[in-house]
Amino acid sequence: MVTMTQSGQQQEPLWRRYQEPDDRGLVDDVCERLRLIAERGPGDPGQTIALAITGAEAAEGLAAALQDEWALYTPQQAAVVASALFAQIAAAGAALEKLSECLDVMAERGEITVPDYDGTGEAERLCSAQSVLGAAGQEAFGVVDARAYDEALEILTTTPYTGTLPSNTHETITQLAGLLGDSVTLIPVCQLPLETDSGARGTDDGCHCRIELTDHGGIVWDFHRSDYAWYLVPLADRTPSGSPLDIRQLSMTEACPHPQHLAVLVRQTLAEAV
């Protein structure tokens with residue numbers, strides 16, 4: 001679920017108010033190097049270009065990620081993503097207009113031909129490029145109507161979520177065991193009381209329960225959470241055909257994922273392991 005700070009920061013965009021529901025610090029990890037440059041300002045053109053390319057790769061990666069049916073679980077999560085995307089559109093518009101102005105600065109230094117719509121040759125070509133940049137920037141600003149934007153986010157943030165997401169590791173593992181079928185044995189090793197505070201869910205919340213499951217080849221695996229990750233550990237060294245078996249770490253790092261999503265990842269990981 002999405003967590004936001006209280007009324008003191010309500011004027012900030014939704015994406016800035018977002019707080020991760022566990023202590024993985026994933027947002028900070030992903031943004032750390034970007035912020036080092038952005039917060040103090042780029043020191044050279046290479047850093048400016050790096051900011052642009054990072055933004056493009058992030059946008060392309062997000063578009064690809066959203067094709068997955070498990071990319072988001074709740075309307076509230078969708079609201080955060082929408083808020084961030086609206087901010088990207090506005091920032092891209094501002095950046096395109098600033099990029100147009102950069103050409104004027106280069107011309108003032110006498111290092112390129114002065115862009116001139118009424119000129120000829122290079123001056124006319126540069127003015128054409130500058131016009132495209134400026135127009136694209138203005139168009140980006142006009143894409144999103146502020147009132148419609150606020151209304152859309154309000155709808156998403158207040159849409160009831162009727163599913164039930166686990167609130168701790170024990171609930172996650174228990175629900176997962178029920179989804180994986182008859183080849184599963186739940187091994188309870190809870191150290192009660194369980195800690196359900198969202199700030200502690202990424203580490204050790206008192207549950208050390210495990211699942212033992214048998215794959216189609218008859219190999220038994222131990223499934224558990226440790227060190228911010230989910231692991232499948234084979235209880236044999238090799239497959240019946242003699243191939244070596246290794247510990248598998250799931251791509252999922254969230255402490256309390258949707259159990260059906262986790263079940264899909266477990267099955268995929270087992271299929272790839274043998």
# chains A, B, ... in the order shown; residues from 1 in each chain; ligands from 1
call {"tool": "residues_around", "arguments": {"residues": "segment 100-114 of chain A", "least_positions_apart": "6", "cutoff": "12 Å", "atoms": "only C-alpha atoms", "output": "VMD selection string"}}
result
chain A and resid 45 93 to 94 120 to 138
call {"tool": "write_last_selection", "arguments": {"atoms": "all heavy atoms", "output": "compact mmCIF listing (two decimals), in the first residue's frame"}}
result
# COMPACT_ATOMS: atom_id res chain seq x y z
N PRO A 45 29.16 19.40 -18.95
CA PRO A 45 28.19 18.89 -19.92
C PRO A 45 27.97 17.38 -19.82
O PRO A 45 26.85 16.90 -20.06
CB PRO A 45 28.80 19.27 -21.27
CG PRO A 45 29.63 20.48 -20.98
CD PRO A 45 30.21 20.21 -19.61
N GLY A 93 9.06 19.57 -20.34
CA GLY A 93 8.72 20.81 -21.03
C GLY A 93 9.65 21.94 -20.67
O GLY A 93 10.15 22.67 -21.55
N ALA A 94 9.92 22.10 -19.38
CA ALA A 94 10.83 23.15 -18.93
C ALA A 94 12.24 22.93 -19.48
O ALA A 94 12.92 23.87 -19.92
CB ALA A 94 10.87 23.20 -17.41
N THR A 120 19.71 32.80 -43.65
CA THR A 120 19.89 31.75 -44.65
C THR A 120 20.88 30.73 -44.13
O THR A 120 21.63 30.98 -43.18
CB THR A 120 20.41 32.33 -45.98
OG1 THR A 120 21.68 32.98 -45.73
CG2 THR A 120 19.42 33.31 -46.56
N GLY A 121 20.88 29.56 -44.75
CA GLY A 121 21.87 28.55 -44.43
C GLY A 121 21.79 28.09 -42.99
O GLY A 121 20.73 27.77 -42.46
N GLU A 122 22.95 28.11 -42.32
CA GLU A 122 23.05 27.58 -40.95
C GLU A 122 22.20 28.36 -39.96
O GLU A 122 21.62 27.79 -39.04
CB GLU A 122 24.52 27.59 -40.50
CG GLU A 122 24.78 26.82 -39.22
CD GLU A 122 24.50 25.33 -39.36
OE1 GLU A 122 24.58 24.81 -40.50
OE2 GLU A 122 24.21 24.69 -38.34
N ALA A 123 22.12 29.68 -40.13
CA ALA A 123 21.32 30.52 -39.22
C ALA A 123 19.85 30.10 -39.27
O ALA A 123 19.18 29.99 -38.24
CB ALA A 123 21.47 31.99 -39.58
N GLU A 124 19.34 29.84 -40.48
CA GLU A 124 17.94 29.45 -40.61
C GLU A 124 17.71 28.05 -40.06
O GLU A 124 16.70 27.78 -39.40
CB GLU A 124 17.53 29.50 -42.08
CG GLU A 124 16.06 29.20 -42.32
CD GLU A 124 15.69 29.26 -43.79
OE1 GLU A 124 16.61 29.26 -44.64
OE2 GLU A 124 14.48 29.29 -44.08
N ARG A 125 18.66 27.16 -40.29
CA ARG A 125 18.53 25.78 -39.81
C ARG A 125 18.54 25.74 -38.28
O ARG A 125 17.76 25.03 -37.65
CB ARG A 125 19.65 24.91 -40.38
CG ARG A 125 19.57 24.73 -41.88
CD ARG A 125 20.76 23.93 -42.42
NE ARG A 125 20.67 22.53 -42.02
CZ ARG A 125 21.51 21.94 -41.17
NH1 ARG A 125 22.49 22.63 -40.62
NH2 ARG A 125 21.36 20.67 -40.86
N LEU A 126 19.44 26.50 -37.67
CA LEU A 126 19.50 26.55 -36.21
C LEU A 126 18.22 27.15 -35.62
O LEU A 126 17.72 26.68 -34.59
CB LEU A 126 20.70 27.38 -35.75
CG LEU A 126 22.04 26.65 -35.67
CD1 LEU A 126 23.17 27.63 -35.42
CD2 LEU A 126 22.00 25.58 -34.59
N CYS A 127 17.68 28.15 -36.27
CA CYS A 127 16.44 28.75 -35.78
C CYS A 127 15.29 27.76 -35.88
O CYS A 127 14.43 27.72 -35.00
CB CYS A 127 16.12 30.01 -36.59
SG CYS A 127 14.79 30.99 -35.86
N SER A 128 15.29 26.95 -36.93
CA SER A 128 14.25 25.93 -37.08
C SER A 128 14.33 24.91 -35.95
O SER A 128 13.32 24.55 -35.34
CB SER A 128 14.41 25.23 -38.44
OG SER A 128 13.47 24.18 -38.57
N ALA A 129 15.56 24.46 -35.64
CA ALA A 129 15.74 23.50 -34.54
C ALA A 129 15.33 24.12 -33.21
O ALA A 129 14.67 23.49 -32.38
CB ALA A 129 17.20 23.06 -34.49
N GLN A 130 15.70 25.39 -33.02
CA GLN A 130 15.36 26.08 -31.78
C GLN A 130 13.85 26.22 -31.63
O GLN A 130 13.29 26.05 -30.54
CB GLN A 130 16.03 27.45 -31.77
CG GLN A 130 15.94 28.19 -30.44
CD GLN A 130 16.66 29.52 -30.49
OE1 GLN A 130 16.50 30.29 -31.45
NE2 GLN A 130 17.46 29.80 -29.47
N SER A 131 13.17 26.48 -32.72
CA SER A 131 11.71 26.61 -32.69
C SER A 131 11.04 25.30 -32.32
O SER A 131 10.06 25.27 -31.57
CB SER A 131 11.20 27.10 -34.05
OG SER A 131 11.69 28.38 -34.35
N VAL A 132 11.59 24.21 -32.85
CA VAL A 132 11.04 22.89 -32.53
C VAL A 132 11.19 22.60 -31.04
O VAL A 132 10.26 22.12 -30.38
CB VAL A 132 11.73 21.80 -33.36
CG1 VAL A 132 11.34 20.41 -32.86
CG2 VAL A 132 11.36 21.93 -34.83
N LEU A 133 12.36 22.91 -30.48
CA LEU A 133 12.59 22.67 -29.05
C LEU A 133 11.63 23.50 -28.21
O LEU A 133 11.01 22.99 -27.26
CB LEU A 133 14.03 23.02 -28.69
CG LEU A 133 15.14 22.18 -29.33
CD1 LEU A 133 16.51 22.73 -28.93
CD2 LEU A 133 15.01 20.72 -28.93
N GLY A 134 11.51 24.78 -28.52
CA GLY A 134 10.63 25.64 -27.75
C GLY A 134 9.17 25.23 -27.86
O GLY A 134 8.44 25.21 -26.86
N ALA A 135 8.74 24.88 -29.06
CA ALA A 135 7.35 24.48 -29.26
C ALA A 135 7.04 23.18 -28.53
O ALA A 135 5.97 23.02 -27.94
CB ALA A 135 7.07 24.33 -30.76
N ALA A 136 8.00 22.26 -28.59
CA ALA A 136 7.79 20.99 -27.88
C ALA A 136 7.69 21.21 -26.38
O ALA A 136 6.89 20.58 -25.69
CB ALA A 136 8.94 20.03 -28.20
N GLY A 137 8.51 22.14 -25.86
CA GLY A 137 8.44 22.45 -24.44
C GLY A 137 7.10 23.03 -24.05
O GLY A 137 6.49 22.63 -23.05
N GLN A 138 6.60 23.97 -24.84
CA GLN A 138 5.31 24.57 -24.55
C GLN A 138 4.18 23.55 -24.67
O GLN A 138 3.22 23.56 -23.90
CB GLN A 138 5.06 25.75 -25.50
CG GLN A 138 6.00 26.93 -25.25
CD GLN A 138 5.80 28.05 -26.26
OE1 GLN A 138 4.86 28.04 -27.02
NE2 GLN A 138 6.71 29.02 -26.25
call {"tool": "select_by_dssp", "arguments": {"residues": "segment 96-199 of chain A", "states": "strand (DSSP E)", "output": "JSON, numbers by chain"}}
result
{"A": [184, 185, 186, 187]}
call {"tool": "write_last_selection", "arguments": {"atoms": "C-alpha atoms", "output": "PDB file, in the first residue's frame"}}
result
ATOM      1  CA  VAL A 184       4.095 -27.773  -0.056  1.00  0.00           C
ATOM      2  CA  THR A 185       4.829 -28.140   3.643  1.00  0.00           C
ATOM      3  CA  LEU A 186       4.645 -25.053   5.850  1.00  0.00           C
ATOM      4  CA  ILE A 187       7.223 -25.213   8.635  1.00  0.00           C
TER       5      ILE A 187
END
call {"tool": "residues_around", "arguments": {"residues": "Arg267 of chain A", "least_positions_apart": "5", "cutoff": "10 Å", "atoms": "only C-alpha atoms", "output": "ChimeraX atom specification"}}
result
/A:180,215,262,272-273
call {"tool": "write_last_selection", "arguments": {"atoms": "N, CA and C atoms", "output": "short mmCIF file (atom, residue, chain, number, x, y, z; two decimals), in the first residue's frame"}}
result
data_model
loop_
_atom_site.label_atom_id
_atom_site.label_comp_id
_atom_site.auth_asym_id
_atom_site.auth_seq_id
_atom_site.Cartn_x
_atom_site.Cartn_y
_atom_site.Cartn_z
N LEU A 180 0.37 -22.71 -3.37
CA LEU A 180 1.32 -23.53 -4.11
C LEU A 180 0.91 -25.00 -4.22
N ASP A 215 9.46 -29.82 -6.51
CA ASP A 215 9.20 -29.44 -7.90
C ASP A 215 8.80 -30.67 -8.72
N LEU A 262 3.83 -13.49 -5.75
CA LEU A 262 4.95 -14.26 -5.22
C LEU A 262 4.90 -15.70 -5.71
N GLU A 272 13.10 -22.29 -14.06
CA GLU A 272 14.40 -21.89 -14.62
C GLU A 272 15.57 -22.60 -13.95
N ALA A 273 15.33 -23.16 -12.76
CA ALA A 273 16.43 -23.73 -11.97
C ALA A 273 16.86 -25.11 -12.46
#
call {"tool": "closest_residue", "arguments": {"among": "A:Leu270, A:Ile173, A:Ile53, A:Leu96", "to": "Gly218 of chain A", "atoms": "only C-alpha atoms"}}
result
A:Leu270
call {"tool": "atom_distance", "arguments": {"atom1": "atom CA of Ile89 of chain A", "atom2": "atom CA of Pro115 of chain A"}}
result
26.7 Å
call {"tool": "select_by_dssp", "arguments": {"residues": "segment 63-233 of chain A", "states": "helix (DSSP H, G or I)", "output": "VMD selection string"}}
result
chain A and resid 63 to 65 75 to 108 122 to 143 146 to 158 169 to 179 198 to 200
call {"tool": "atom_distance", "arguments": {"atom1": "atom CA of Arg24 of chain A", "atom2": "atom CA of Phe86 of chain A"}}
result
25.6 Å
call {"tool": "atom_distance", "arguments": {"atom1": "atom CA of Asp116 of chain A", "atom2": "atom CA of Leu99 of chain A"}}
result
16.5 Å
call {"tool": "closest_atom_pairs", "arguments": {"of": "segment 83-166 of chain A", "to": "segment 58-71 of chain A", "cutoff": "12 Å", "atoms": "only C-alpha atoms", "output": "tab-separated table"}}
result
residue	atom	partner	partner_atom	distance
A:Ala84	CA	A:Ala59	CA	10.5
A:Leu85	CA	A:Ala59	CA	8.5
A:Phe86	CA	A:Ala59	CA	11.8
A:Ala87	CA	A:Ala59	CA	11.9
A:Gln88	CA	A:Ala59	CA	8.8
A:Ile89	CA	A:Ala59	CA	10.5
A:Ala92	CA	A:Ala59	CA	11.4
call {"tool": "residues_around", "arguments": {"residues": "segment 242-244 of chain A", "least_positions_apart": "4", "cutoff": "10 Å", "atoms": "only C-alpha atoms", "output": "PyMOL selection string"}}
result
chain A and resi 236-238+273-274
call {"tool": "closest_residue", "arguments": {"among": "A:Leu36, A:Leu165, A:Ala255, A:Ala146", "to": "His224 of chain A", "atoms": "only C-alpha atoms"}}
result
A:Ala255
call {"tool": "closest_residue", "arguments": {"among": "A:His258, A:Arg17, A:Arg147, A:His216", "to": "Ala79 of chain A", "atoms": "only C-alpha atoms"}}
result
A:Arg17
call {"tool": "decode", "arguments": {"residues": "segment 229-255 of chain A", "atoms": "N, CA, C and O atoms", "output": "mmCIF file, in the first residue's frame"}}
result
data_model
loop_
_atom_site.group_PDB
_atom_site.id
_atom_site.type_symbol
_atom_site.label_atom_id
_atom_site.label_comp_id
_atom_site.auth_asym_id
_atom_site.auth_seq_id
_atom_site.Cartn_x
_atom_site.Cartn_y
_atom_site.Cartn_z
ATOM 1 N N ALA A 229 15.477 -10.347 1.127
ATOM 2 C CA ALA A 229 15.251 -11.083 -0.120
ATOM 3 C C ALA A 229 14.554 -12.407 0.157
ATOM 4 O O ALA A 229 14.537 -12.906 1.289
ATOM 5 N N TRP A 230 13.972 -12.974 -0.910
ATOM 6 C CA TRP A 230 13.316 -14.279 -0.851
ATOM 7 C C TRP A 230 14.209 -15.291 -1.550
ATOM 8 O O TRP A 230 14.687 -15.048 -2.655
ATOM 9 N N TYR A 231 14.409 -16.450 -0.901
ATOM 10 C CA TYR A 231 15.341 -17.443 -1.427
ATOM 11 C C TYR A 231 14.683 -18.814 -1.585
ATOM 12 O O TYR A 231 13.834 -19.217 -0.780
ATOM 13 N N LEU A 232 15.113 -19.521 -2.610
ATOM 14 C CA LEU A 232 14.809 -20.935 -2.792
ATOM 15 C C LEU A 232 16.123 -21.698 -2.684
ATOM 16 O O LEU A 232 17.042 -21.483 -3.485
ATOM 17 N N VAL A 233 16.217 -22.555 -1.665
ATOM 18 C CA VAL A 233 17.455 -23.291 -1.420
ATOM 19 C C VAL A 233 17.206 -24.775 -1.692
ATOM 20 O O VAL A 233 16.342 -25.387 -1.041
ATOM 21 N N PRO A 234 17.920 -25.385 -2.624
ATOM 22 C CA PRO A 234 17.706 -26.808 -2.899
ATOM 23 C C PRO A 234 18.216 -27.666 -1.746
ATOM 24 O O PRO A 234 19.276 -27.389 -1.175
ATOM 25 N N LEU A 235 17.463 -28.710 -1.392
ATOM 26 C CA LEU A 235 17.903 -29.623 -0.341
ATOM 27 C C LEU A 235 18.601 -30.831 -0.938
ATOM 28 O O LEU A 235 18.644 -31.900 -0.344
ATOM 29 N N ALA A 236 19.166 -30.619 -2.109
ATOM 30 C CA ALA A 236 19.989 -31.626 -2.775
ATOM 31 C C ALA A 236 21.063 -30.884 -3.555
ATOM 32 O O ALA A 236 20.910 -29.701 -3.876
ATOM 33 N N ASP A 237 22.178 -31.572 -3.831
ATOM 34 C CA ASP A 237 23.271 -30.932 -4.545
ATOM 35 C C ASP A 237 23.082 -30.941 -6.053
ATOM 36 O O ASP A 237 23.547 -30.047 -6.754
ATOM 37 N N ARG A 238 22.388 -31.988 -6.548
ATOM 38 C CA ARG A 238 22.244 -32.148 -7.989
ATOM 39 C C ARG A 238 20.861 -32.650 -8.356
ATOM 40 O O ARG A 238 20.139 -33.209 -7.524
ATOM 41 N N THR A 239 20.504 -32.444 -9.609
ATOM 42 C CA THR A 239 19.258 -32.984 -10.141
ATOM 43 C C THR A 239 19.447 -34.485 -10.365
ATOM 44 O O THR A 239 20.577 -34.989 -10.353
ATOM 45 N N PRO A 240 18.353 -35.236 -10.578
ATOM 46 C CA PRO A 240 18.487 -36.678 -10.871
ATOM 47 C C PRO A 240 19.380 -36.957 -12.071
ATOM 48 O O PRO A 240 20.000 -38.021 -12.158
ATOM 49 N N SER A 241 19.480 -36.003 -13.003
ATOM 50 C CA SER A 241 20.332 -36.205 -14.180
ATOM 51 C C SER A 241 21.783 -35.813 -13.925
ATOM 52 O O SER A 241 22.636 -35.965 -14.798
ATOM 53 N N GLY A 242 22.063 -35.285 -12.740
ATOM 54 C CA GLY A 242 23.433 -34.948 -12.391
ATOM 55 C C GLY A 242 23.801 -33.486 -12.519
ATOM 56 O O GLY A 242 24.940 -33.102 -12.238
ATOM 57 N N SER A 243 22.861 -32.632 -12.938
ATOM 58 C CA SER A 243 23.158 -31.203 -13.058
ATOM 59 C C SER A 243 23.240 -30.567 -11.675
ATOM 60 O O SER A 243 22.437 -30.886 -10.792
ATOM 61 N N PRO A 244 24.192 -29.651 -11.460
ATOM 62 C CA PRO A 244 24.319 -29.014 -10.146
ATOM 63 C C PRO A 244 23.139 -28.096 -9.850
ATOM 64 O O PRO A 244 22.544 -27.507 -10.750
ATOM 65 N N LEU A 245 22.803 -27.985 -8.578
ATOM 66 C CA LEU A 245 21.721 -27.115 -8.126
ATOM 67 C C LEU A 245 22.298 -25.987 -7.276
ATOM 68 O O LEU A 245 23.189 -26.227 -6.448
ATOM 69 N N ASP A 246 21.784 -24.792 -7.471
ATOM 70 C CA ASP A 246 22.266 -23.625 -6.736
ATOM 71 C C ASP A 246 21.114 -22.927 -6.033
ATOM 72 O O ASP A 246 19.948 -23.084 -6.406
ATOM 73 N N ILE A 247 21.470 -22.131 -5.024
ATOM 74 C CA ILE A 247 20.491 -21.282 -4.355
ATOM 75 C C ILE A 247 19.955 -20.262 -5.357
ATOM 76 O O ILE A 247 20.715 -19.690 -6.148
ATOM 77 N N ARG A 248 18.660 -20.033 -5.326
ATOM 78 C CA ARG A 248 18.028 -19.075 -6.221
ATOM 79 C C ARG A 248 17.420 -17.934 -5.417
ATOM 80 O O ARG A 248 16.722 -18.181 -4.438
ATOM 81 N N GLN A 249 17.722 -16.704 -5.833
ATOM 82 C CA GLN A 249 17.119 -15.533 -5.207
ATOM 83 C C GLN A 249 16.055 -14.971 -6.138
ATOM 84 O O GLN A 249 16.309 -14.738 -7.316
ATOM 85 N N LEU A 250 14.855 -14.751 -5.608
ATOM 86 C CA LEU A 250 13.785 -14.201 -6.420
ATOM 87 C C LEU A 250 14.054 -12.731 -6.736
ATOM 88 O O LEU A 250 14.711 -12.034 -5.959
ATOM 89 N N SER A 251 13.533 -12.276 -7.853
ATOM 90 C CA SER A 251 13.680 -10.868 -8.207
ATOM 91 C C SER A 251 12.885 -9.970 -7.269
ATOM 92 O O SER A 251 13.167 -8.782 -7.135
ATOM 93 N N MET A 252 11.892 -10.517 -6.608
ATOM 94 C CA MET A 252 11.076 -9.770 -5.642
ATOM 95 C C MET A 252 11.874 -9.464 -4.373
ATOM 96 O O MET A 252 12.489 -10.355 -3.790
ATOM 97 N N THR A 253 11.863 -8.200 -3.971
ATOM 98 C CA THR A 253 12.511 -7.840 -2.704
ATOM 99 C C THR A 253 11.507 -7.307 -1.687
ATOM 100 O O THR A 253 11.840 -7.162 -0.518
ATOM 101 N N GLU A 254 10.293 -6.981 -2.118
ATOM 102 C CA GLU A 254 9.294 -6.424 -1.203
ATOM 103 C C GLU A 254 9.000 -7.393 -0.066
ATOM 104 O O GLU A 254 8.911 -8.606 -0.262
ATOM 105 N N ALA A 255 8.832 -6.847 1.132
ATOM 106 C CA ALA A 255 8.647 -7.686 2.312
ATOM 107 C C ALA A 255 7.287 -8.379 2.334
ATOM 108 O O ALA A 255 7.175 -9.524 2.767
#
